[in-house]
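Shown next, in structure tokens, is the structure this report addresses.
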Amino acid sequence: MALAEEARQKAVQAKPRLTEAIGEVLRRRPLLQLSVILSPGILWLTLFFLFPLCIVLAYSFATRGTYGQIVWHFTLENYRRFFDWLYIRTFLLSIWLSVLATVICLMIGYPFAFVMARAPRRWRNALMLLVMIPFWTNFLVRTYAIMFLLRNEGLINTALQWLGVINRPIPMLFTPFAVVLGLVYGYLPFMILPIYASIEKFDFTLAEAAQDLGANAWRVFREILWPLTLPGTIAGSILVFIPSVGTFVTSDLLGGGKVVMIGNLIQQQFLTVRHWPFGSAISLILMAIVLIATLIYFRSGEERPI
Amino acid sequence: MSSTSMPRPITALMKPRRHISLGWIMLDLNVVLTFLFLYAPIIVLIVFSFNDSRQQQVWVGFTLDWYRQMLQDDRILEAAKNSIVIATISTIVSTIIGTMTALALDRYRFRLKTTVEGALYLPIIVPEIVMAISLLVFFNQVFRWLDDRVGLTLKFGLGTITIAHIAFSFPFVAVVVRARLADFDRTLEQAAQDLGANEWQVLRHITLPLLMPGIIAGALLAFTLSIDDFVITFFNAGIGATTLPLEIYGRIRRTITPEVNAISAVLLLASITLVLGSLLLQRRR
């Protein structure tokens, strides 16, 4: 009787013992434990991200064959070619449009974030949510919404014609203006959120003290608020600049082939012209710009969500 | 980390605006105009999905025709099905890998840890188009090699899209889960261990349940990223495979048709529901 009971108990315990045994082995060898947990991530990252980038790096020093194939003949020509006026112009245009979009976002976003940070606490979350909702919706759909408004037959032109302001529709779509508008529309929340975070942390007693000492509002802003919230401003500006300079969809749809930015140049080289080595070189140059911007972002020394 | 969770003294911040001034009027006007700018295009888009005119210049009358056409369009349905299948697989895999990576980075100290962290941030930072072409080049090279050496023929399609989606999603999951781990109360785990729980039991009954809001937030993010992705999908879809964003892109490049407004409206509604749902979920916990 007692023996049977013991056997039953052993049987019941057998299963937990197995997991216990595995747990024990893993506990004894933290390195093994770590490698089990970490390896899927490392593997995926290496195989499907780092290794592909290495291939791009290799391609950027290769030559294009007659039919668009890769010829493993080392050359720096792809990088040199980027400095032809035709391509450097695209590069400068991308930088210029991105800077423009960033400045506009800053001009709208800073005062916006200020109001948000000064609003009663119960309003702040609601305002934040209202900023985030468009941001969470499909980027392509948002770009399409802009196209829909800017077309010659779109609502803006129709309304202006109906009001008698203009006789003929103003072409707005497929212009640099449309591209900048699309970038601002797409990335404004990236500017607002970090600035809001730093204004919210700002101690407004400092501003009051300055005002009590006779400084006007402008001076308080220029000499206290702006310098103290600069990290948030830098973070926001870079978060807008990075996706803008690498954009492909916005310039493709709103520029309609007339506004060619770096992203469009890369797409052309890979899908139309099939000059993969040159495309690879441009991609790496774009990546270098973005990494430099990211370094500045991390140097701005702010606490931030990501 | 403590400064984000600790409430700050809010004496001066909370002072009400004492009087109406030109400055505040301008500031409030900026807020109103910004919201108009953010929402007007979306609202116009949705309103015109109910417009009974193919031309879409002016409002003619109310109709649900475009929604009906959308539901009868085989290509749209096929694209929607693909999008959902890809997003589901990508979400499951990237949530698992992302959570494991976050746990490893939070719980262990090892050499090259900063290198691993840096590499993990890279897919988040690198421009989409660069990641897109690098995967294109990679799959192309690997498929050619497999064909030549092994005699195995693989093609671009739903598989390559899914692999690519996992590659850009799981670092986001890892970052979100790790943020949650940062203010995790380790004493609960120690208490469980003192009461005789083994590592597995602690993970299963303490760590994962407490971490769940972070994991769910990460999963929702992964799902949204996958459903929305256009650029990386565009370069790695090959011929034939389509997803909703690819289908929308194809249509708006040709001519603007009201069905696209209908698809857009549905997508907007879906993502807003998803986001509000996740927020409610997080608040409840």
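To be explicit about the labels: the chains of the structure tokens are called A, B, and onward in the order shown, and within each one the residues are counted from 1, while ligands get numbers from 1 in the order they are shown.
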
Practice task
Determine which residues of region 57-100 of chain B DSSP labels as helix (DSSP H, G or I) from the backbone of this structure, then write them out as a PyMOL selection string.
Solution key: chain B and resi 65-72+74-100

Could you take the residues named above and write them with C-alpha atoms, as an mmCIF file, in the first residue's frame?
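And here is the file that came out, selection-v3.cif:
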data_model
loop_
_atom_site.group_PDB
_atom_site.id
_atom_site.type_symbol
_atom_site.label_atom_id
_atom_site.label_comp_id
_atom_site.auth_asym_id
_atom_site.auth_seq_id
_atom_site.Cartn_x
_atom_site.Cartn_y
_atom_site.Cartn_z
ATOM 1 C CA ASP B 65 -21.417 51.538 -53.941
ATOM 2 C CA TRP B 66 -17.671 51.923 -53.505
ATOM 3 C CA TYR B 67 -17.724 49.727 -50.435
ATOM 4 C CA ARG B 68 -19.803 47.169 -52.300
ATOM 5 C CA GLN B 69 -17.348 47.226 -55.211
ATOM 6 C CA MET B 70 -14.447 46.892 -52.820
ATOM 7 C CA LEU B 71 -15.965 43.764 -51.273
ATOM 8 C CA GLN B 72 -16.521 42.251 -54.715
ATOM 9 C CA ASP B 74 -11.019 39.790 -55.973
ATOM 10 C CA ARG B 75 -7.658 41.528 -56.070
ATOM 11 C CA ILE B 76 -8.490 43.636 -53.031
ATOM 12 C CA LEU B 77 -9.750 40.628 -51.106
ATOM 13 C CA GLU B 78 -6.657 38.634 -52.055
ATOM 14 C CA ALA B 79 -4.438 41.543 -50.993
ATOM 15 C CA ALA B 80 -6.278 41.923 -47.697
ATOM 16 C CA LYS B 81 -5.965 38.202 -46.988
ATOM 17 C CA ASN B 82 -2.222 38.267 -47.731
ATOM 18 C CA SER B 83 -1.725 41.335 -45.559
ATOM 19 C CA ILE B 84 -3.472 39.707 -42.610
ATOM 20 C CA VAL B 85 -1.647 36.374 -42.980
ATOM 21 C CA ILE B 86 1.752 38.065 -43.272
ATOM 22 C CA ALA B 87 1.037 40.423 -40.363
ATOM 23 C CA THR B 88 -0.142 37.558 -38.147
ATOM 24 C CA ILE B 89 2.909 35.344 -38.757
ATOM 25 C CA SER B 90 5.274 38.293 -38.541
ATOM 26 C CA THR B 91 3.665 39.469 -35.275
ATOM 27 C CA ILE B 92 3.861 36.047 -33.603
ATOM 28 C CA VAL B 93 7.486 35.427 -34.584
ATOM 29 C CA SER B 94 8.730 38.939 -33.899
ATOM 30 C CA THR B 95 6.944 39.101 -30.533
ATOM 31 C CA ILE B 96 8.637 35.862 -29.423
ATOM 32 C CA ILE B 97 12.080 36.807 -30.722
ATOM 33 C CA GLY B 98 11.739 40.408 -29.529
ATOM 34 C CA THR B 99 10.691 39.426 -26.006
ATOM 35 C CA MET B 100 13.524 36.893 -25.727
#

Exercise for the section: Please identify every residue of chain A that has at least one atom no more than 6 Å from any atom of chain B, counting only C-alpha atoms, and report them as a ChimeraX atom specification. Expected result: /A:23,37-38,41,52-53,56,112,137-138,141,145,153,204-205,246,283

Exercise for the section: Check the smallest atom-to-atom distance from each of A:Ile262, A:Ala281, A:Leu286, A:Val184 to Leu76 (chain A) using only C-alpha atoms, then report the winner. Expected result: A:Ala281

Shell of 8 Å around Gly238 (chain B), only C-alpha atoms, local chain residues under 6 positions omitted, as a CSV table (one decimal) with C-alpha atoms, in the first residue's frame:
chain,number,residue,atom,x,y,z
B,155,LYS,CA,11.2,32.8,-55.6
B,156,PHE,CA,10.3,36.2,-54.2
B,157,GLY,CA,6.8,36.2,-52.7

Exercise for the section: Skip Phe82 (chain A) itself and residues of its chain fewer than 6 positions away, then list as a ChimeraX atom specification all residues within 9 Å of it, counting only C-alpha atoms. Expected result: /A:88,91,278,281-282

Grab the residues selected above and save them as a short mmCIF file (atom, residue, chain, number, x, y, z; two decimals), in the first residue's frame with C-alpha atoms.
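So the final result, stored in again_18.cif, reads:
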data_model
loop_
_atom_site.label_atom_id
_atom_site.label_comp_id
_atom_site.auth_asym_id
_atom_site.auth_seq_id
_atom_site.Cartn_x
_atom_site.Cartn_y
_atom_site.Cartn_z
CA ILE A 88 24.71 65.67 -56.48
CA PHE A 91 21.32 64.89 -53.14
CA PHE A 278 25.66 52.39 -58.26
CA ALA A 281 26.79 53.13 -53.35
CA ILE A 282 23.98 55.72 -53.13
#

Practice task
Go ahead and compute the interatomic distance for CA of Tyr185 (chain A) and CA of Phe270 (chain A), in Å to one decimal.
Solution key: 28.0 Å

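Remark: for Ile224 (chain A), the closest of the candidate residues A:Tyr297, A:Gly236, A:Phe202, A:Phe241 is A:Phe202 (distances computed over only C-alpha atoms).
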
Practice task
Give me every strand (DSSP E) residue in region 47-111 of chain A, going by DSSP on the backbone, as a VMD selection string.
Solution key: chain A and resid 63 to 64 70 to 71

Go ahead and save the picked residues with N, CA and C atoms, as a compact mmCIF listing (two decimals), in the first residue's frame.
# COMPACT_ATOMS: atom_id res chain seq x y z
N THR A 63 31.33 46.19 -60.42
CA THR A 63 31.03 46.82 -61.70
C THR A 63 29.75 46.22 -62.26
N ARG A 64 29.04 47.02 -63.04
CA ARG A 64 27.83 46.52 -63.68
C ARG A 64 28.18 45.87 -65.00
N ILE A 70 26.14 41.59 -61.89
CA ILE A 70 27.26 42.07 -61.10
C ILE A 70 28.55 41.46 -61.61
N VAL A 71 29.54 42.31 -61.88
CA VAL A 71 30.85 41.81 -62.26
C VAL A 71 31.81 42.15 -61.13

Handout entry: Shell of 8 Å around region 194-200 of chain A, only C-alpha atoms, local chain residues under 6 positions omitted, as a ChimeraX atom specification
Key = /A:109-110,113-114,116-118,225,229,231-233,235-236,304

Problem - Best match for closeness to Ser49 (chain B) among B:Thr153, B:Thr243, B:Thr257, B:Asn140, counting only C-alpha atoms - result: B:Thr257

Exercise for the section: For CA of Ile266 (chain A) and CA of Gly279 (chain A), quote the distance in Å rounded to one decimal. Expected result: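 Those two atoms sit 5.1 Å apart.
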
Practice task
Enter the distance from CA of Val103 (chain A) to CA of Asp252 (chain A), in Å, rounded to one decimal.
Solution key: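 Here the two named atoms are 21.8 Å from each other.
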